[in-house]
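Raw run_27.pdb, PDB, C-alpha atoms, pLDDT in the B column:
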ATOM      1  CA  MET A   1      12.682  89.455  22.011  1.00 57.00           C
ATOM      2  CA  SER A   2      13.874  85.869  22.251  1.00 66.00           C
ATOM      3  CA  THR A   3      17.623  85.267  22.340  1.00 79.00           C
ATOM      4  CA  THR A   4      17.268  82.312  19.952  1.00 88.00           C
ATOM      5  CA  SER A   5      17.401  83.436  16.334  1.00 87.00           C
ATOM      6  CA  ARG A   6      16.121  81.731  13.211  1.00 91.00           C
ATOM      7  CA  ASN A   7      16.844  82.680   9.647  1.00 92.00           C
ATOM      8  CA  PHE A   8      13.944  83.770   7.472  1.00 91.00           C
ATOM      9  CA  GLN A   9      14.682  84.878   3.951  1.00 94.00           C
ATOM     10  CA  ILE A  10      12.301  87.260   2.220  1.00 94.00           C
ATOM     11  CA  SER A  11      12.364  89.017  -1.110  1.00 96.00           C
ATOM     12  CA  LEU A  12      11.761  92.750  -0.991  1.00 97.00           C
ATOM     13  CA  PRO A  13      10.635  94.997  -3.802  1.00 98.00           C
ATOM     14  CA  GLU A  14      13.515  97.168  -4.986  1.00 98.00           C
ATOM     15  CA  ASP A  15      12.074 100.402  -3.554  1.00 98.00           C
ATOM     16  CA  ILE A  16      11.563  98.919  -0.080  1.00 97.00           C
ATOM     17  CA  TYR A  17      15.017  97.332  -0.177  1.00 98.00           C
ATOM     18  CA  ARG A  18      16.632 100.661  -1.051  1.00 98.00           C
ATOM     19  CA  GLN A  19      14.627 102.520   1.613  1.00 98.00           C
ATOM     20  CA  LEU A  20      15.697  99.966   4.206  1.00 98.00           C
ATOM     21  CA  LEU A  21      19.358 100.298   3.241  1.00 98.00           C
ATOM     22  CA  PHE A  22      19.115 104.100   3.209  1.00 98.00           C
ATOM     23  CA  GLU A  23      17.535 104.180   6.662  1.00 98.00           C
ATOM     24  CA  ALA A  24      20.034 101.658   8.044  1.00 98.00           C
ATOM     25  CA  GLU A  25      22.910 103.781   6.813  1.00 98.00           C
ATOM     26  CA  ARG A  26      21.290 106.974   8.068  1.00 98.00           C
ATOM     27  CA  ILE A  27      20.952 105.700  11.641  1.00 98.00           C
ATOM     28  CA  GLN A  28      24.030 103.478  11.466  1.00 98.00           C
ATOM     29  CA  GLN A  29      22.233 100.245  12.284  1.00 98.00           C
ATOM     30  CA  PRO A  30      22.329  96.947  10.395  1.00 97.00           C
ATOM     31  CA  ALA A  31      19.514  96.633   7.852  1.00 97.00           C
ATOM     32  CA  GLY A  32      18.662  93.179   9.210  1.00 96.00           C
ATOM     33  CA  MET A  33      18.134  94.638  12.673  1.00 96.00           C
ATOM     34  CA  LEU A  34      15.817  97.300  11.275  1.00 97.00           C
ATOM     35  CA  ALA A  35      13.860  94.634   9.411  1.00 97.00           C
ATOM     36  CA  GLN A  36      13.556  92.583  12.629  1.00 96.00           C
ATOM     37  CA  GLN A  37      12.319  95.636  14.535  1.00 97.00           C
ATOM     38  CA  ALA A  38       9.812  96.497  11.809  1.00 97.00           C
ATOM     39  CA  ILE A  39       8.428  92.959  11.794  1.00 97.00           C
ATOM     40  CA  ALA A  40       8.287  92.828  15.612  1.00 97.00           C
ATOM     41  CA  ASN A  41       6.471  96.179  15.732  1.00 98.00           C
ATOM     42  CA  TRP A  42       3.991  95.055  13.077  1.00 97.00           C
ATOM     43  CA  LEU A  43       3.284  91.803  14.937  1.00 97.00           C
ATOM     44  CA  GLN A  44       2.803  93.686  18.210  1.00 96.00           C
ATOM     45  CA  GLN A  45       0.398  96.104  16.509  1.00 95.00           C
ATOM     46  CA  ARG A  46      -1.532  93.177  14.993  1.00 95.00           C
ATOM     47  CA  GLN A  47      -1.822  91.592  18.435  1.00 95.00           C
ATOM     48  CA  LYS A  48      -3.178  94.837  19.900  1.00 93.00           C
ATOM     49  CA  SER A  49      -5.634  95.166  17.027  1.00 93.00           C
ATOM     50  CA  SER A  50      -6.760  91.575  17.496  1.00 92.00           C
ATOM     51  CA  ILE A  51      -7.372  92.154  21.206  1.00 92.00           C
ATOM     52  CA  SER A  52      -9.334  95.335  20.457  1.00 91.00           C
ATOM     53  CA  GLU A  53     -11.392  93.524  17.820  1.00 92.00           C
ATOM     54  CA  ASN A  54     -12.127  90.688  20.257  1.00 92.00           C
ATOM     55  CA  ILE A  55     -13.209  93.141  22.958  1.00 91.00           C
ATOM     56  CA  GLN A  56     -15.443  94.980  20.491  1.00 92.00           C
ATOM     57  CA  THR A  57     -17.015  91.723  19.292  1.00 92.00           C
ATOM     58  CA  TYR A  58     -17.624  90.620  22.885  1.00 90.00           C
ATOM     59  CA  ALA A  59     -19.161  93.985  23.773  1.00 88.00           C
ATOM     60  CA  GLU A  60     -21.438  93.911  20.724  1.00 90.00           C
ATOM     61  CA  GLN A  61     -22.557  90.342  21.432  1.00 91.00           C
ATOM     62  CA  HIS A  62     -23.282  91.012  25.106  1.00 88.00           C
ATOM     63  CA  ALA A  63     -24.705  94.540  24.955  1.00 87.00           C
ATOM     64  CA  GLY A  64     -27.907  94.749  26.966  1.00 83.00           C
ATOM     65  CA  THR A  65     -27.426  91.328  28.555  1.00 85.00           C
ATOM     66  CA  ALA A  66     -26.420  90.341  32.075  1.00 80.00           C
ATOM     67  CA  MET A  67     -22.820  90.321  30.810  1.00 80.00           C
ATOM     68  CA  ASP A  68     -23.050  94.023  29.929  1.00 79.00           C
ATOM     69  CA  LEU A  69     -21.521  96.722  32.137  1.00 74.00           C
ATOM     70  CA  ASP A  70     -22.532  96.479  35.771  1.00 79.00           C
ATOM     71  CA  THR A  71     -25.037  99.289  36.416  1.00 81.00           C
ATOM     72  CA  ASP A  72     -23.611 100.027  39.885  1.00 87.00           C
ATOM     73  CA  LEU A  73     -20.105 100.265  38.433  1.00 87.00           C
ATOM     74  CA  GLU A  74     -21.380 102.486  35.631  1.00 86.00           C
ATOM     75  CA  ALA A  75     -23.109 104.820  38.115  1.00 90.00           C
ATOM     76  CA  ALA A  76     -19.997 105.016  40.306  1.00 93.00           C
ATOM     77  CA  SER A  77     -17.858 105.768  37.244  1.00 92.00           C
ATOM     78  CA  LEU A  78     -20.170 108.546  36.096  1.00 93.00           C
ATOM     79  CA  GLU A  79     -20.220 110.026  39.596  1.00 94.00           C
ATOM     80  CA  PHE A  80     -16.421 109.899  39.745  1.00 94.00           C
ATOM     81  CA  LEU A  81     -16.080 111.609  36.357  1.00 94.00           C
ATOM     82  CA  HIS A  82     -18.595 114.269  37.387  1.00 94.00           C
ATOM     83  CA  ASP A  83     -16.649 114.952  40.587  1.00 93.00           C
ATOM     84  CA  GLN A  84     -13.387 115.164  38.620  1.00 92.00           C
ATOM     85  CA  GLU A  85     -14.863 117.686  36.191  1.00 91.00           C
ATOM     86  CA  HIS A  86     -16.184 119.863  39.010  1.00 90.00           C
ATOM     87  CA  GLY A  87     -13.123 119.622  41.251  1.00 82.00           C
ATOM     88  CA  GLU A  88     -14.905 117.811  44.033  1.00 72.00           C
TER      89      GLU A  88
END

Whole structure, structure tokens version:
Amino acid sequence: MSTTSRNFQISLPEDIYRQLLFEAERIQQPAGMLAQQAIANWLQQRQKSSISENIQTYAEQHAGTAMDLDTDLEAASLEFLHDQEHGE
């Protein structure tokens, strides 16, 4: 996380606010820190999802074309997996 901090005020529904305070007290951490961690985790998960979606879109668009999986690489991978399964 960046060392520079910026303030960002948000309104929370009462139930989420109380859950956040309860959890902060339970683990003895500031509620603001927990909120920062939750937001950072959500953003990281969104980035991973976006990358996965982009890879899936690319794969769907290029399936069966010259940009698809290299057949030699695919054959070598299948041979490797077969050898791994049979202890060779």

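The space between atom CA of Leu21 of chain A and atom CA of Ile39 of chain A spans 15.7 Å.
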
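Between atom CA of Ser49 of chain A and atom CA of Gln61 of chain A there is a distance of 18.1 Å.
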
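Here atom CA of Pro13 of chain A is placed at a distance of 16.9 Å from atom CA of Gln36 of chain A.
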
Chain and number of each residue from the PyMOL selection byres ((chain A and resi 34) around 12), as a ChimeraX atom specification
/A:17,19-33,35-41

Would you compute, for all listed atoms of segment 58-63 of chain A, the axis-aligned bounding box grown by 5 Å on each side, and then report its centre and edge lengths in Å rounded to one decimal, as JSON?
{"center_x": -21.2, "center_y": 92.4, "center_z": 22.9, "size_x": 17.1, "size_y": 14.2, "size_z": 14.4}
